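Take a look at the structure below.
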Amino acid sequence: MGVDVTGHRVSSAEGDSSSEGSADSVGGTSRRRAGALLGRAHPLDWLAVGLLACGLLALAVGLLPTASADQAMQRIAPLLAFLATVILLAELTSRAEVFDVVATGVAKAGRGSYPRLFVLCVVFASVITITLNLDTTAVLLTPVMLALAARVGIAAVPLAMTTVWLANTASLLLPASNLTNLLAADRVALSAVGLAKVMWFPQLVSIAVTMALLWWFYWRSSRRGADAYTPPEVHRPSDPLLFRICALATVGFLVGVLVGGAPIWVSSGGAAVVVVLAFAVRRRGELRLSLIPWRLLIMVPGMFLVVETLDAHGLHRLLASAIGSDGGTLGVLRASGVGGALSNVLNNLPVYLAGESVVPVANHQQLLGLLVGVNVGPVITPWASLAILLWFERCRAFGIQVSLKRFTATGAVLAVTAVTASSLALALTG
């Protein structure tokens, strides 16, 4: 017998039944919460977790040598630090409406002319990719451009394709432009200015080819479905002080990348701290753990572990045979072609690391050719680069349907043309 909270006696059986009911209720609530959490998981979340699980399993059962895994994780640790801080910086900068102001200014400067808008959008997307990383273009510039299209009646698909193609093809110039450039930093042995001096011509060629194909496939009048658009009004940020702080922090990051001697993740981390402090003072409620790109931080190590496992079981020999050891123009073309093709089969980040290991140390130009291939070439399949995966997700969120068949077909034309032209430009200026 027992006593309930009202003072009435209850039997032990009743008490036990009540306890069991309470336990069942708690268990049911936990199961419902777990089910809701799993139901909210995005397919890319499952992909990220699956890749990491496969990589760890390969390591645990001995398919992946521990030394190879350790070396790969040491290489990508600074990359992950940069990725986390630059996405945080870009996300908060976007929330401060910096991108909205610039995008609206671009559309207004176009004055209703699609050809003029096309050139401005290409320049805008290229600058964001070159300076703030290709994933920033995919994650943050894409929704800004799509929202702008909805507000002023601009055709959405041409804008969307401009961001995703230039997120890849405009990522040759600076170490910050692409995570593969950061991976290559030790072997390439060039500062930001040094890399720009080597890659400026291949980068111009790559953007020029992209422009020509963007116009033909997506922007010409028969494709976009309109002759003109109505220029938007000037966008005024809701918090001018926060806008200025975030804009200056971004500029400071870019200056740090170009002239600073510190690792690039230090520059992005410092700028991210400034904008986080600004939001803590001005709009604390917007600072959440979800701002950290957890999915990418899980997916990237998983991809590297999986590809390192493949590398240990035949991929290395295949790459060595395909890329060869020719340090001249033919070697550059072979390295870029293999890098671009394999990136569309696997993913450009681990493919660069695997390809780098088979390029002879003395073949500096051939290594840069591989970098051209893994940067410019991954535009055919949705998984070829992280930027494309993120871009598809953003388009889906805005209700924009891009035909996968058309995306793949036009991307194949771009990959072959841009990789070949950029590689020849590299060989000519070598």
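Residue numbering restarts at 1 in every chain; chains get A, B, ... in the order shown in the structure tokens, and ligands count up from 1 in that same order.
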Who sits within 9 Å of Ala72 of chain A, only C-alpha atoms, same chain under 6 positions skipped, as a list in words = Pro301, Phe304, Leu305, Glu308 and Leu353 of chain A
Keeping only N, CA, C and O atoms, take the residues you just selected and write them out as a CSV table (one decimal), in the first residue's frame.
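So the final result, stored in out_26.csv, reads:
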```csv
chain,number,residue,atom,x,y,z
A,301,PRO,N,35.3,14.7,-44.1
A,301,PRO,CA,36.1,13.6,-43.7
A,301,PRO,C,35.6,12.3,-44.2
A,301,PRO,O,36.5,11.4,-44.5
A,304,PHE,N,36.8,11.7,-47.8
A,304,PHE,CA,38.3,11.5,-47.8
A,304,PHE,C,38.6,10.1,-47.4
A,304,PHE,O,39.4,9.4,-48.0
A,305,LEU,N,38.0,9.6,-46.3
A,305,LEU,CA,38.2,8.3,-45.8
A,305,LEU,C,37.8,7.2,-46.9
A,305,LEU,O,38.5,6.2,-47.1
A,308,GLU,N,40.3,7.4,-49.8
A,308,GLU,CA,41.6,6.9,-49.4
A,308,GLU,C,41.5,5.3,-49.4
A,308,GLU,O,42.5,4.7,-49.7
A,353,LEU,N,43.4,15.0,-53.9
A,353,LEU,CA,44.4,14.4,-53.0
A,353,LEU,C,44.9,13.1,-53.6
A,353,LEU,O,46.1,12.9,-53.5
```
With a cut-off of 12 Å, could you pull out the residues of segment 265-318 of chain A touching segment 127-134 of chain A and give me the nearest pair of atoms for each, distance in Å to one decimal, using only C-alpha atoms, ordered by chain and ascending number, as a Markdown table?
```
| residue | atom | partner | partner_atom | distance |
| --- | --- | --- | --- | --- |
| A:Ser267 | CA | A:Leu132 | CA | 11.6 |
| A:Ser268 | CA | A:Leu132 | CA | 9.4 |
| A:Ala271 | CA | A:Leu132 | CA | 11.9 |
```
message = I'd like the neighbourhood of Arg288 of chain A as a PyMOL selection string, where a residue qualifies if any of its atoms comes within 12 Å (using only C-alpha atoms), though same-chain residues fewer than 3 positions away should be ignored.
response = chain A and resi 88+91-92+276+279-280+283-285+291-293
remark   = Expressed in Å, the length from atom CA of Thr417 of chain A to atom CA of Leu174 of chain A is 22.0 Å
ask   = Between atom CA of Thr93 of chain A and atom CA of Trp46 of chain A, what is the spacing in Å?
value =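 If I compute the distance from atom CA of Trp46 of chain A to atom CA of Thr93 of chain A, I get 28.3 Å.
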inquiry  = So that I can check the surroundings of segment 209-220 of chain A, please list as a list in words every protein, DNA and RNA residue that reaches within 6 Å of it, counting only C-alpha atoms and ignoring chain neighbours fewer than 3 positions away.
reply    =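 The contact residues come out as Pro158, Ser206, Arg223, Arg224 and Ala418 of chain A.
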task = Please provide the set of residues having any atom within 9 Å of Arg95 of chain A, restricted to only C-alpha atoms, with same-chain residues fewer than 4 positions apart removed, written as JSON, numbers by chain.
result = {"A": [90, 91, 99, 100, 243, 286]}
